[in-house]
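Raw upload.cif, mmCIF, C-alpha atoms, pLDDT in the B column; chains and numbers go by the auth columns:
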data_input
loop_
_atom_site.group_PDB
_atom_site.id
_atom_site.type_symbol
_atom_site.label_atom_id
_atom_site.label_comp_id
_atom_site.label_asym_id
_atom_site.label_seq_id
_atom_site.Cartn_x
_atom_site.Cartn_y
_atom_site.Cartn_z
_atom_site.B_iso_or_equiv
_atom_site.auth_seq_id
_atom_site.auth_asym_id
ATOM 1 C CA ILE A 1 29.372 -53.113 20.493 96.00 1 K
ATOM 2 C CA PHE A 2 26.257 -54.137 18.526 96.00 2 K
ATOM 3 C CA LEU A 3 23.649 -56.656 19.701 98.00 3 K
ATOM 4 C CA ASP A 4 21.368 -58.578 17.377 97.00 4 K
ATOM 5 C CA SER A 5 17.921 -60.057 17.999 98.00 5 K
ATOM 6 C CA THR A 6 19.368 -63.543 18.602 98.00 6 K
ATOM 7 C CA GLY A 7 21.549 -62.272 21.467 98.00 7 K
ATOM 8 C CA ARG A 8 24.861 -62.258 19.583 98.00 8 K
ATOM 9 C CA SER A 9 27.292 -59.366 20.111 98.00 9 K
ATOM 10 C CA TYR A 10 29.603 -57.800 17.515 97.00 10 K
ATOM 11 C CA ALA A 11 32.410 -55.267 17.830 96.00 11 K
ATOM 12 C CA LEU A 12 33.508 -52.550 15.421 93.00 12 K
ATOM 13 C CA ALA A 13 36.039 -49.766 16.060 89.00 13 K
ATOM 14 C CA PRO A 14 34.190 -46.408 15.982 85.00 14 K
ATOM 15 C CA HIS A 15 36.957 -44.791 13.879 83.00 15 K
ATOM 16 C CA SER A 16 36.388 -47.413 11.164 84.00 16 K
ATOM 17 C CA LEU A 17 32.785 -46.322 10.600 81.00 17 K
ATOM 18 C CA PRO A 18 31.886 -43.716 7.946 80.00 18 K
ATOM 19 C CA SER A 19 32.244 -40.123 9.110 76.00 19 K
ATOM 20 C CA ALA A 20 30.453 -36.905 8.154 70.00 20 K
ATOM 21 C CA ARG A 21 26.890 -36.834 6.889 73.00 21 K
ATOM 22 C CA GLY A 22 25.288 -39.528 4.831 73.00 22 K
ATOM 23 C CA GLN A 23 23.388 -42.749 5.147 77.00 23 K
ATOM 24 C CA GLY A 24 26.353 -44.658 6.486 80.00 24 K
ATOM 25 C CA GLU A 25 26.919 -48.207 5.333 83.00 25 K
ATOM 26 C CA PRO A 26 25.028 -51.420 6.152 86.00 26 K
ATOM 27 C CA LEU A 27 26.422 -53.404 9.093 89.00 27 K
ATOM 28 C CA SER A 28 25.722 -56.568 7.143 84.00 28 K
ATOM 29 C CA GLY A 29 28.604 -55.570 4.855 88.00 29 K
ATOM 30 C CA ARG A 30 31.078 -55.975 7.715 91.00 30 K
ATOM 31 C CA LEU A 31 29.367 -58.488 9.988 95.00 31 K
ATOM 32 C CA LYS A 32 27.735 -61.852 9.420 95.00 32 K
ATOM 33 C CA PRO A 33 24.638 -62.152 11.637 95.00 33 K
ATOM 34 C CA PRO A 34 22.468 -65.293 11.453 95.00 34 K
ATOM 35 C CA ALA A 35 19.801 -65.385 8.745 94.00 35 K
ATOM 36 C CA GLY A 36 16.727 -63.427 9.787 94.00 36 K
ATOM 37 C CA ALA A 37 18.500 -61.632 12.651 95.00 37 K
ATOM 38 C CA ARG A 38 18.212 -57.858 13.043 95.00 38 K
ATOM 39 C CA PHE A 39 20.321 -55.462 15.058 96.00 39 K
ATOM 40 C CA VAL A 40 18.475 -54.241 18.169 97.00 40 K
ATOM 41 C CA GLY A 41 20.965 -51.868 19.785 96.00 41 K
ATOM 42 C CA VAL A 42 24.449 -50.438 20.108 96.00 42 K
ATOM 43 C CA VAL A 43 26.560 -49.442 23.138 96.00 43 K
ATOM 44 C CA LEU A 44 29.691 -47.297 23.065 94.00 44 K
ATOM 45 C CA GLY A 45 32.059 -46.895 25.999 94.00 45 K
ATOM 46 C CA PRO A 46 35.116 -48.116 27.946 95.00 46 K
ATOM 47 C CA ALA A 47 35.622 -51.870 28.332 95.00 47 K
ATOM 48 C CA ASP A 48 34.413 -51.792 31.953 95.00 48 K
ATOM 49 C CA THR A 49 31.039 -50.192 31.040 96.00 49 K
ATOM 50 C CA SER A 50 28.221 -52.300 32.509 97.00 50 K
ATOM 51 C CA VAL A 51 25.084 -53.076 30.513 98.00 51 K
ATOM 52 C CA LEU A 52 21.777 -54.798 31.182 98.00 52 K
ATOM 53 C CA LEU A 53 21.046 -57.503 28.612 98.00 53 K
ATOM 54 C CA SER A 54 17.521 -58.909 28.510 98.00 54 K
ATOM 55 C CA SER A 55 15.162 -60.903 26.311 98.00 55 K
ATOM 56 C CA ASP A 56 11.462 -60.489 25.624 98.00 56 K
ATOM 57 C CA ALA A 57 10.932 -63.693 27.625 98.00 57 K
ATOM 58 C CA GLY A 58 11.658 -61.643 30.750 98.00 58 K
ATOM 59 C CA TYR A 59 15.162 -62.881 31.596 98.00 59 K
ATOM 60 C CA GLY A 60 18.349 -60.853 31.856 98.00 60 K
ATOM 61 C CA PHE A 61 21.703 -60.151 33.482 98.00 61 K
ATOM 62 C CA VAL A 62 24.386 -57.474 33.759 97.00 62 K
ATOM 63 C CA CYS A 63 27.716 -57.809 31.961 97.00 63 K
ATOM 64 C CA THR A 64 30.540 -55.545 30.768 97.00 64 K
ATOM 65 C CA LEU A 65 31.383 -54.453 27.236 97.00 65 K
ATOM 66 C CA GLU A 66 34.669 -56.311 27.621 97.00 66 K
ATOM 67 C CA GLU A 67 32.706 -59.549 28.020 97.00 67 K
ATOM 68 C CA MET A 68 30.787 -58.761 24.803 98.00 68 K
ATOM 69 C CA MET A 69 33.941 -58.055 22.768 96.00 69 K
ATOM 70 C CA THR A 70 34.780 -60.294 19.827 96.00 70 K
ATOM 71 C CA LYS A 71 36.837 -60.108 16.631 95.00 71 K
ATOM 72 C CA ASN A 72 34.620 -62.685 14.960 96.00 72 K
ATOM 73 C CA LYS A 73 32.515 -61.295 12.101 96.00 73 K
ATOM 74 C CA ALA A 74 29.831 -63.828 12.982 97.00 74 K
ATOM 75 C CA GLY A 75 29.625 -62.369 16.489 97.00 75 K
ATOM 76 C CA LYS A 76 29.696 -63.977 19.878 97.00 76 K
ATOM 77 C CA ALA A 77 26.855 -65.784 21.638 97.00 77 K
ATOM 78 C CA CYS A 78 26.187 -63.497 24.580 97.00 78 K
ATOM 79 C CA LEU A 79 22.514 -63.587 25.612 98.00 79 K
ATOM 80 C CA SER A 80 20.580 -66.855 25.337 98.00 80 K
ATOM 81 C CA VAL A 81 17.233 -66.089 23.702 97.00 81 K
ATOM 82 C CA PRO A 82 14.414 -68.684 23.728 95.00 82 K
ATOM 83 C CA GLN A 83 12.961 -69.968 20.464 93.00 83 K
ATOM 84 C CA GLY A 84 10.472 -67.492 19.038 94.00 84 K
ATOM 85 C CA GLY A 85 11.842 -64.675 21.200 96.00 85 K
ATOM 86 C CA PHE A 86 14.325 -61.881 20.660 97.00 86 K
ATOM 87 C CA ALA A 87 16.839 -59.755 22.540 98.00 87 K
ATOM 88 C CA LEU A 88 15.848 -56.304 23.779 98.00 88 K
ATOM 89 C CA PRO A 89 18.126 -53.273 23.271 97.00 89 K
ATOM 90 C CA PRO A 90 21.058 -53.236 25.741 97.00 90 K
ATOM 91 C CA VAL A 91 20.917 -50.528 28.426 97.00 91 K
ATOM 92 C CA THR A 92 23.981 -49.035 30.139 96.00 92 K
ATOM 93 C CA VAL A 93 23.911 -49.216 33.934 96.00 93 K
ATOM 94 C CA ASP A 94 25.960 -47.825 36.808 92.00 94 K
ATOM 95 C CA PRO A 95 26.121 -50.420 39.606 82.00 95 K
ATOM 96 C CA SER A 96 27.471 -47.744 41.989 84.00 96 K
ATOM 97 C CA GLN A 97 24.224 -45.761 41.755 87.00 97 K
ATOM 98 C CA ASN A 98 20.857 -46.455 43.345 90.00 98 K
ATOM 99 C CA GLN A 99 19.316 -47.646 40.095 96.00 99 K
ATOM 100 C CA GLN A 100 16.147 -49.606 39.465 97.00 100 K
ATOM 101 C CA VAL A 101 15.028 -51.863 36.649 98.00 101 K
ATOM 102 C CA VAL A 102 11.595 -51.243 35.138 98.00 102 K
ATOM 103 C CA ALA A 103 10.169 -54.012 32.941 98.00 103 K
ATOM 104 C CA VAL A 104 6.846 -53.878 31.111 98.00 104 K
ATOM 105 C CA THR A 105 4.955 -56.454 29.028 97.00 105 K
ATOM 106 C CA ASN A 106 2.623 -56.013 26.058 95.00 106 K
ATOM 107 C CA GLN A 107 -0.254 -56.837 28.439 94.00 107 K
ATOM 108 C CA GLY A 108 0.481 -53.663 30.392 96.00 108 K
ATOM 109 C CA ARG A 109 2.063 -55.334 33.416 97.00 109 K
ATOM 110 C CA MET A 110 4.920 -53.348 34.920 98.00 110 K
ATOM 111 C CA LEU A 111 7.414 -54.231 37.643 98.00 111 K
ATOM 112 C CA VAL A 112 10.068 -52.025 39.275 98.00 112 K
ATOM 113 C CA PHE A 113 12.868 -53.552 41.391 98.00 113 K
ATOM 114 C CA PRO A 114 16.479 -52.781 42.435 97.00 114 K
ATOM 115 C CA LEU A 115 19.232 -53.292 39.857 97.00 115 K
ATOM 116 C CA ARG A 116 21.320 -54.989 42.571 96.00 116 K
ATOM 117 C CA ASP A 117 18.940 -57.972 42.364 97.00 117 K
ATOM 118 C CA VAL A 118 20.087 -58.703 38.798 97.00 118 K
ATOM 119 C CA PRO A 119 23.056 -61.108 38.570 96.00 119 K
ATOM 120 C CA ALA A 120 26.347 -60.219 36.874 96.00 120 K
ATOM 121 C CA LEU A 121 27.245 -62.876 34.278 97.00 121 K
ATOM 122 C CA ALA A 122 29.596 -63.132 31.294 96.00 122 K
ATOM 123 C CA LYS A 123 26.912 -64.793 29.147 97.00 123 K
ATOM 124 C CA GLY A 124 23.811 -66.959 29.352 97.00 124 K
ATOM 125 C CA LYS A 125 20.077 -66.616 29.850 97.00 125 K
ATOM 126 C CA GLY A 126 20.196 -64.678 33.091 98.00 126 K
ATOM 127 C CA ASN A 127 17.618 -64.616 35.851 98.00 127 K
ATOM 128 C CA LYS A 128 13.925 -63.881 35.583 98.00 128 K
ATOM 129 C CA LEU A 129 13.293 -60.122 35.674 98.00 129 K
ATOM 130 C CA ILE A 130 9.495 -60.185 35.354 98.00 130 K
ATOM 131 C CA ASN A 131 7.254 -63.232 35.299 98.00 131 K
ATOM 132 C CA VAL A 132 5.811 -63.960 31.858 97.00 132 K
ATOM 133 C CA PRO A 133 3.931 -67.305 31.945 97.00 133 K
ATOM 134 C CA THR A 134 5.654 -69.772 29.601 96.00 134 K
ATOM 135 C CA PRO A 135 2.479 -70.790 27.680 96.00 135 K
ATOM 136 C CA ALA A 136 1.603 -67.105 27.129 97.00 136 K
ATOM 137 C CA PHE A 137 5.122 -66.388 25.890 97.00 137 K
ATOM 138 C CA LYS A 138 5.235 -69.372 23.532 96.00 138 K
ATOM 139 C CA SER A 139 1.910 -68.343 21.989 96.00 139 K
ATOM 140 C CA ARG A 140 3.124 -64.695 21.872 97.00 140 K
ATOM 141 C CA LEU A 141 0.133 -63.606 23.942 97.00 141 K
ATOM 142 C CA GLU A 142 2.500 -61.950 26.397 97.00 142 K
ATOM 143 C CA TYR A 143 6.121 -60.847 26.129 98.00 143 K
ATOM 144 C CA VAL A 144 8.348 -58.077 27.441 98.00 144 K
ATOM 145 C CA ILE A 145 8.240 -54.834 25.443 97.00 145 K
ATOM 146 C CA ALA A 146 11.034 -53.022 27.270 97.00 146 K
ATOM 147 C CA ALA A 147 13.456 -53.178 30.192 97.00 147 K
ATOM 148 C CA GLU A 148 14.933 -49.839 31.217 97.00 148 K
ATOM 149 C CA ILE A 149 17.060 -48.394 34.040 97.00 149 K
ATOM 150 C CA LEU A 150 16.146 -45.358 36.121 95.00 150 K
ATOM 151 C CA THR A 151 17.109 -43.532 39.313 92.00 151 K
ATOM 152 C CA PRO A 152 14.717 -41.926 41.849 89.00 152 K
ATOM 153 C CA ALA A 153 15.333 -38.569 40.123 91.00 153 K
ATOM 154 C CA ASP A 154 14.209 -39.799 36.683 94.00 154 K
ATOM 155 C CA ASP A 155 10.764 -39.653 35.105 96.00 155 K
ATOM 156 C CA LEU A 156 9.371 -42.575 33.118 97.00 156 K
ATOM 157 C CA LEU A 157 7.334 -41.922 29.971 97.00 157 K
ATOM 158 C CA VAL A 158 5.012 -44.786 28.979 97.00 158 K
ATOM 159 C CA PHE A 159 3.979 -44.562 25.319 96.00 159 K
ATOM 160 C CA ALA A 160 0.782 -46.280 24.192 94.00 160 K
ATOM 161 C CA GLY A 161 -0.400 -45.374 20.700 91.00 161 K
ATOM 162 C CA GLN A 162 -0.755 -41.604 20.354 92.00 162 K
ATOM 163 C CA ARG A 163 -0.777 -41.080 24.116 94.00 163 K
ATOM 164 C CA HIS A 164 1.901 -41.098 26.779 95.00 164 K
ATOM 165 C CA LEU A 165 1.876 -41.166 30.556 96.00 165 K
ATOM 166 C CA ARG A 166 4.530 -39.383 32.615 96.00 166 K
ATOM 167 C CA MET A 167 5.336 -41.235 35.837 97.00 167 K
ATOM 168 C CA ARG A 168 7.477 -39.711 38.566 95.00 168 K
ATOM 169 C CA HIS A 169 9.180 -41.693 41.321 92.00 169 K
ATOM 170 C CA LYS A 170 6.175 -41.532 43.645 95.00 170 K
ATOM 171 C CA ASP A 171 3.921 -42.807 40.831 96.00 171 K
ATOM 172 C CA LEU A 172 6.188 -45.823 40.368 96.00 172 K
ATOM 173 C CA GLU A 173 5.988 -46.913 44.019 95.00 173 K
ATOM 174 C CA HIS A 174 2.779 -48.829 43.223 96.00 174 K
ATOM 175 C CA TYR A 175 4.771 -51.028 40.820 98.00 175 K
ATOM 176 C CA ILE A 176 7.741 -51.780 43.080 97.00 176 K
ATOM 177 C CA GLY A 177 8.068 -55.452 43.937 97.00 177 K
ATOM 178 C CA GLU A 178 10.469 -58.355 44.115 97.00 178 K
ATOM 179 C CA ARG A 179 12.331 -59.398 40.985 97.00 179 K
ATOM 180 C CA ALA A 180 10.553 -62.143 38.975 97.00 180 K
ATOM 181 C CA ARG A 181 7.039 -61.189 40.101 97.00 181 K
ATOM 182 C CA ARG A 182 4.142 -60.550 37.689 97.00 182 K
ATOM 183 C CA GLY A 183 4.045 -56.810 38.273 97.00 183 K
ATOM 184 C CA ARG A 184 0.904 -54.665 38.308 97.00 184 K
ATOM 185 C CA LYS A 185 -1.337 -53.469 35.507 97.00 185 K
ATOM 186 C CA LEU A 186 -0.848 -49.954 34.190 97.00 186 K
ATOM 187 C CA PRO A 187 -3.899 -47.630 34.125 96.00 187 K
ATOM 188 C CA ARG A 188 -6.575 -48.253 31.494 94.00 188 K
ATOM 189 C CA GLY A 189 -5.671 -46.711 28.173 92.00 189 K
ATOM 190 C CA PHE A 190 -1.960 -47.329 28.756 95.00 190 K
ATOM 191 C CA GLN A 191 -1.897 -51.109 28.865 94.00 191 K
ATOM 192 C CA LYS A 192 -0.988 -51.573 25.192 94.00 192 K
ATOM 193 C CA VAL A 193 2.521 -50.256 25.699 94.00 193 K
ATOM 194 C CA ASP A 194 4.631 -49.416 22.643 95.00 194 K
ATOM 195 C CA SER A 195 7.751 -48.176 24.406 95.00 195 K
ATOM 196 C CA LEU A 196 9.309 -46.699 27.546 96.00 196 K
ATOM 197 C CA VAL A 197 11.490 -43.596 27.666 96.00 197 K
ATOM 198 C CA VAL A 198 13.514 -42.530 30.723 96.00 198 K
ATOM 199 C CA GLU A 199 13.879 -38.772 31.156 94.00 199 K
ATOM 200 C CA SER A 200 16.643 -37.570 33.426 85.00 200 K
ATOM 201 C CA SER A 201 15.866 -34.498 35.473 67.00 201 K
ATOM 202 C CA GLY A 202 19.538 -33.636 35.607 55.00 202 K
#
How does the structure come out when it is put into structure tokens?
Amino acid sequence: IFLDSTGRSYALAPHSLPSARGQGEPLSGRLKPPAGARFVGVVLGPADTSVLLSSDAGYGFVCTLEEMMTKNKAGKACLSVPQGGFALPPVTVDPSQNQQVVAVTNQGRMLVFPLRDVPALAKGKGNKLINVPTPAFKSRLEYVIAAEILTPADDLLVFAGQRHLRMRHKDLEHYIGERARRGRKLPRGFQKVDSLVVESSG
């Protein structure tokens, strides 16, 4: 299942993709995304695999790959993305585990909260994950850079320019709060976040 920046999902059978080494082939040759759209992520798994879908406006929900399936080359409207915004890469989740959502904005605000607080929907805008003020979002002063999933055993790497900060579970306690809050500022020097990476200790 592929997801584009407008929140549309597309399905291709893995065995139909080019095999062996090479550059592959462009997805645009098989699919018809809207003009200006780009692909932001791909998820592979059984139909009942759960994923977190979210937008850079700070909204999201959990759905299954089955709900994202479509035979339409033009895709299926899955995640509602506000004008001027885009979808973030989908992240696989395991609702049976004690998982948490970590969301961070380009202003260096980070919020950690339980995955169970995120609604399960088939499609739509979802609920607010982290509070990004509407005027700041519309002017692109503030938007969500990443939304990831982690367990208490995982480490979180925060990348900002050439530097990165490793945060263990106890370091993240400062950022735990209720879903839809503003979150707290990351330490100085790490507030211009480029990306988040979750490292499993397992």
Check your understanding: Hey, what comes out of the PyMOL selection byres ((chain K and resi 124) around 12) on this file? Could you write it as a PyMOL selection string?
Key -> chain K and resi 7-8+53-55+59-63+67-68+76-82+119-123+125-127
Same residues, C-alpha atoms, output as an mmCIF file, keeping the file's coordinate frame:
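Result file out-v4.cif:
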data_model
loop_
_atom_site.group_PDB
_atom_site.id
_atom_site.type_symbol
_atom_site.label_atom_id
_atom_site.label_comp_id
_atom_site.auth_asym_id
_atom_site.auth_seq_id
_atom_site.Cartn_x
_atom_site.Cartn_y
_atom_site.Cartn_z
ATOM 1 C CA GLY K 7 21.549 -62.272 21.467
ATOM 2 C CA ARG K 8 24.861 -62.258 19.583
ATOM 3 C CA LEU K 53 21.046 -57.503 28.612
ATOM 4 C CA SER K 54 17.521 -58.909 28.510
ATOM 5 C CA SER K 55 15.162 -60.903 26.311
ATOM 6 C CA TYR K 59 15.162 -62.881 31.596
ATOM 7 C CA GLY K 60 18.349 -60.853 31.856
ATOM 8 C CA PHE K 61 21.703 -60.151 33.482
ATOM 9 C CA VAL K 62 24.386 -57.474 33.759
ATOM 10 C CA CYS K 63 27.716 -57.809 31.961
ATOM 11 C CA GLU K 67 32.706 -59.549 28.020
ATOM 12 C CA MET K 68 30.787 -58.761 24.803
ATOM 13 C CA LYS K 76 29.696 -63.977 19.878
ATOM 14 C CA ALA K 77 26.855 -65.784 21.638
ATOM 15 C CA CYS K 78 26.187 -63.497 24.580
ATOM 16 C CA LEU K 79 22.514 -63.587 25.612
ATOM 17 C CA SER K 80 20.580 -66.855 25.337
ATOM 18 C CA VAL K 81 17.233 -66.089 23.702
ATOM 19 C CA PRO K 82 14.414 -68.684 23.728
ATOM 20 C CA PRO K 119 23.056 -61.108 38.570
ATOM 21 C CA ALA K 120 26.347 -60.219 36.874
ATOM 22 C CA LEU K 121 27.245 -62.876 34.278
ATOM 23 C CA ALA K 122 29.596 -63.132 31.294
ATOM 24 C CA LYS K 123 26.912 -64.793 29.147
ATOM 25 C CA LYS K 125 20.077 -66.616 29.850
ATOM 26 C CA GLY K 126 20.196 -64.678 33.091
ATOM 27 C CA ASN K 127 17.618 -64.616 35.851
#
Practice item. List the neighbours of Gly75 of chain K out to 9 Å using all atoms listed in the file; skip same-chain residues closer than 2 positions along the sequence, and give me the result as a ChimeraX atom specification. Key: /K:3,8-11,31-33,69-73,77-78
Practice item. Would you kindly translate the PyMOL selection byres ((chain K and resi 149) around 9) into the concrete residues it picks from this file, as number ranges by chain? Key: K: 52, 91-93, 99-103, 115, 147-148, 150-151, 198
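We find atom CA of Leu165 of chain K and atom CA of Asp194 of chain K to be spaced 11.8 Å apart.
Using all atoms listed in the file, the nearest neighbour of Ser139 of chain K within the list K:Pro152, K:Gly84, K:Gly177, K:Pro90 is K:Gly84.
Taken over the shown file, the PyMOL selection byres ((chain K and resi 140) around 12) identifies K:Asp56, K:Ala57, K:Gln83, K:Gly84, K:Gly85, K:Phe86, K:Thr105, K:Asn106, K:Gln107, K:Val132, K:Pro133, K:Thr134, K:Pro135, K:Ala136, K:Phe137, K:Lys138, K:Ser139, K:Leu141, K:Glu142, K:Tyr143, K:Val144, K:Ile145.
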Find the residues around Leu157 of chain K up to 9 Å (only C-alpha atoms counted), leave out those fewer than 3 positions away in its own chain, and share them as a PDB file with C-alpha atoms, keeping the file's coordinate frame.
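File produced: selection-v1.pdb:
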ATOM      1  CA  HIS K 164       1.901 -41.098  26.779  1.00 95.00           C
ATOM      2  CA  LEU K 165       1.876 -41.166  30.556  1.00 96.00           C
ATOM      3  CA  ARG K 166       4.530 -39.383  32.615  1.00 96.00           C
ATOM      4  CA  MET K 167       5.336 -41.235  35.837  1.00 97.00           C
ATOM      5  CA  ARG K 168       7.477 -39.711  38.566  1.00 95.00           C
ATOM      6  CA  SER K 195       7.751 -48.176  24.406  1.00 95.00           C
ATOM      7  CA  LEU K 196       9.309 -46.699  27.546  1.00 96.00           C
ATOM      8  CA  VAL K 197      11.490 -43.596  27.666  1.00 96.00           C
ATOM      9  CA  VAL K 198      13.514 -42.530  30.723  1.00 96.00           C
ATOM     10  CA  GLU K 199      13.879 -38.772  31.156  1.00 94.00           C
TER      11      GLU K 199
END
Exercise for review: Compile the contact shell of Lys192 of chain K as a ChimeraX atom specification: residues with an atom at most 6 Å away, counting only C-alpha atoms, same-chain residues fewer than 2 positions apart removed.
Suggested key: /K:106,108,160,190
Preceding selection exported with C-alpha atoms as a PDB file, in the coordinates of the input:
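Final output, out-v6.pdb:
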ATOM      1  CA  ASN K 106       2.623 -56.013  26.058  1.00 95.00           C
ATOM      2  CA  GLY K 108       0.481 -53.663  30.392  1.00 96.00           C
ATOM      3  CA  ALA K 160       0.782 -46.280  24.192  1.00 94.00           C
ATOM      4  CA  PHE K 190      -1.960 -47.329  28.756  1.00 95.00           C
TER       5      PHE K 190
END
Kindly provide, as JSON, the centre and edge lengths (Å, one decimal) of an axis-aligned box around all atoms of segment 170-181 of chain K given in the file, with 8 Å on each side.
{"center_x": 7.6, "center_y": -51.8, "center_z": 41.5, "size_x": 25.6, "size_y": 36.6, "size_z": 21.1}
Practice item. Could you please determine the separation between atom CA of Thr6 of chain K and atom CA of Arg30 of chain K in Å, to one decimal place? Key: 17.7 Å
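Reported to one decimal place, the separation of atom CA of Gly36 of chain K from atom CA of Leu12 of chain K is 20.8 Å.
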